Structures are given as structure tokens and as C-alpha cells.
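The structure appears right after this line, and notes come after that.
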Amino acid sequence: QNTGELKSSSVIKRHPANPILTASDLPYESSLVFNAGVAKYQGKYVMLFRNDVFDEQRKFKYTNLGLATSDDGIKWKAEPRPCWQVHDDENLRVYDPRLTVIDGRCCVCFAMDTRHGLRGGIAVTDDFSRFDILSLSVPDNRNMVLFPERIGGKYVRLERPFPVYSRASLGGGPFNTPFDTWISDSPDLVYWGNSHLLLAVEQVWY
């Protein structure tokens, strides 16, 4: 049971320059910039961020992913156009990227809304202009992140399944429902298994 006061870390501090990237910094249509993934890749800091666009009535229009680079992790330059957007008969949007550099390649964990549920995926990219999707989970899963090194020769990821319906009675709705953290491993970033519960919400919430 966690009843202690939530305190700021003495090691991790918010930089006074925040926010370091906003919608007004982008050279294309943007209403909201958030949920970015950042990594140091090929000598520079790279940021892959979620860009949401709304109309004048604040009605959602679409989402894409934008790319920004930095020499110091503080001053960022956004690329002139979004780097990844999906919208077809099945896949509606990709969002919430998380970056991990493994074996010299940049891996992107992401969430994808589809017409048949919310899926979590892993893609690799060498230049942020092409994203090769290696795996997509069955619904409903999201919020994946990869460990930066193999463990016992295998890739390992944390993930937070999103079982809105099966757990709704515990939390009272899709955004108040408690979601547990699971861990899975893979020999190749494609096939995932050996999944087991790592951290249950009752261990930290109740």
C-alpha cells in the first residue's frame, strides 16, 4: 500500500527551458505536441513526437508523428513535414512513440488505433523516413517500451494491456480503469511470448 506523499526526484529535474517543443514551433499544421520519444542516435538527439490536430471547434481531425533533432537535447529543430502518418481501411492512426536504440538501429514502440481494436507495435528505422513494422499485438495492448539491451540473449519489453471491458468494474471507465504492467520477451523483435505479470496496480494504488 502506497500512502506516502509524491515528491520530486532530487536527481531528475524539470529544465527551465521547458516546454522545449510546442505546436507553434512546427512548420506544419499542429494543435498539440506531446508524448514524445527521445534517444541519442548517430551522434544527435532525435525526438519522435505525437502531433494532434483539431479544428476551430476543438474537434479532433487527425494525428501524425513528427521528427525533431538536437545537438544538446534542449534546443530542437523540427523537420519540415511529419514523418509518419497512417490512415487506411484498417489502420486509423499511429501515436505515442517510444525510442530505443538496439544493435545500432532505432526501434520505435507505438500504439495504433485500428477498426478492430487498439494494438501495440514495434517498428525499426534507419532514417526516420521509412518505418518497417516488425510486430503488432492483438487488441487491446499499448504503451510498450523495449529494454536497451538483450537479457539472456532475448529482447525484452514492458507493456500495459488495455482491457477496458474486463477491468472496467474496478475503475469506472476507460481512463480510470487500472492497468497492470506485463513483461514479454522475443528472440527477434517479431514473435513475442513468455508473458507474465510484472507489476499489478493493487501493488501501488491500494
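Going through the C-alpha cells in order, the chains are called A, B, and so on, while each chain numbers its residues from 1 and the ligands are numbered from 1 in the order shown.
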Margin query: Would you pick out the contacts of stretch 80-92 of chain A at 8 Å or less, using only C-alpha atoms, so that residues sharing its chain but fewer than 2 positions from it are not included, and give the list as JSON, numbers by chain?
Written below: {"A": [26, 27, 28, 63, 64, 65, 66, 67, 78, 94, 112, 113, 114, 115, 116, 128, 129, 131]}
Checklist line | Contacts of A:Ile102 within 8 Å, only C-alpha atoms, excl. fewer than 3 positions in-chain, as a list in words | finding: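 Listing them by chain and then by number gives Arg105, Cys106, Cys107, Pro148 and Glu149 of chain A.
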Check: Mind checking DSSP for stretch 21-175 of chain A and telling me the strand (DSSP E) residues as a ChimeraX atom specification?
Finding: /A:32-41,44-54,60-70,77-78,91-102,105-114,117-125,132-136,141-146,155-161
Check: Interatomic distance between atom CA of A:Ala68 and atom CA of A:Phe54?
Finding: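 Straight-line distance from atom CA of A:Ala68 to atom CA of A:Phe54 works out to 21.2 Å.
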Checklist line | A:Arg50 surroundings by only C-alpha atoms, 6 Å radius, close-in-sequence under 4 positions cut, as an MDAnalysis selection string | finding: chainID A and resid 33:35 65 95:96
For the residues in that selection, give me N, CA, C and O atoms as a short mmCIF file (atom, residue, chain, number, x, y, z; two decimals), in the first residue's frame.
```
data_model
loop_
_atom_site.label_atom_id
_atom_site.label_comp_id
_atom_site.auth_asym_id
_atom_site.auth_seq_id
_atom_site.Cartn_x
_atom_site.Cartn_y
_atom_site.Cartn_z
N VAL A 33 1.46 19.12 -29.23
CA VAL A 33 2.65 18.28 -29.33
C VAL A 33 2.88 17.64 -27.96
O VAL A 33 3.00 18.35 -26.96
N PHE A 34 2.96 16.30 -27.92
CA PHE A 34 3.14 15.63 -26.63
C PHE A 34 3.53 14.18 -26.83
O PHE A 34 3.65 13.70 -27.96
N ASN A 35 3.74 13.47 -25.71
CA ASN A 35 4.05 12.04 -25.70
C ASN A 35 5.19 11.69 -26.66
O ASN A 35 5.08 10.80 -27.50
N LEU A 65 3.04 11.66 -36.66
CA LEU A 65 4.26 11.72 -35.88
C LEU A 65 5.24 12.66 -36.55
O LEU A 65 5.44 12.60 -37.77
N TYR A 95 0.52 6.54 -32.90
CA TYR A 95 0.80 7.59 -31.93
C TYR A 95 1.60 7.06 -30.75
O TYR A 95 1.90 5.87 -30.67
N ASP A 96 1.98 7.96 -29.84
CA ASP A 96 2.70 7.66 -28.60
C ASP A 96 3.98 6.83 -28.84
O ASP A 96 4.12 5.71 -28.34
#
```
Applying 8 Å and only C-alpha atoms, which residues near A:Cys109 remain after dropping the ones on its own chain fewer than 2 positions away? List them as a CSV table (one decimal) with C-alpha atoms, in the first residue's frame.
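The resulting part.csv:
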```
chain,number,residue,atom,x,y,z
A,97,PRO,CA,6.2,6.6,-29.9
A,98,ARG,CA,8.9,5.3,-27.6
A,99,LEU,CA,12.5,5.1,-29.0
A,107,CYS,CA,13.4,0.8,-32.6
A,111,ALA,CA,0.2,2.5,-30.3
A,120,GLY,CA,0.8,-2.1,-29.8
A,121,GLY,CA,3.6,-2.4,-32.3
A,122,ILE,CA,7.3,-2.3,-32.8
A,123,ALA,CA,9.0,-0.8,-35.9
A,143,ASN,CA,2.4,1.6,-24.0
A,144,MET,CA,5.2,-0.8,-24.9
A,145,VAL,CA,8.9,0.0,-24.3
A,146,LEU,CA,12.0,-2.0,-25.0
```
Next item on the list: Identify which of the residues A:Ser31, A:Asp72, A:Ala23, A:Leu189 lies closest to A:Asp103, counting only C-alpha atoms when measuring atom-to-atom distances.
Entry: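 Looking only at the distances to A:Asp103, the closest residue turns out to be A:Leu189.
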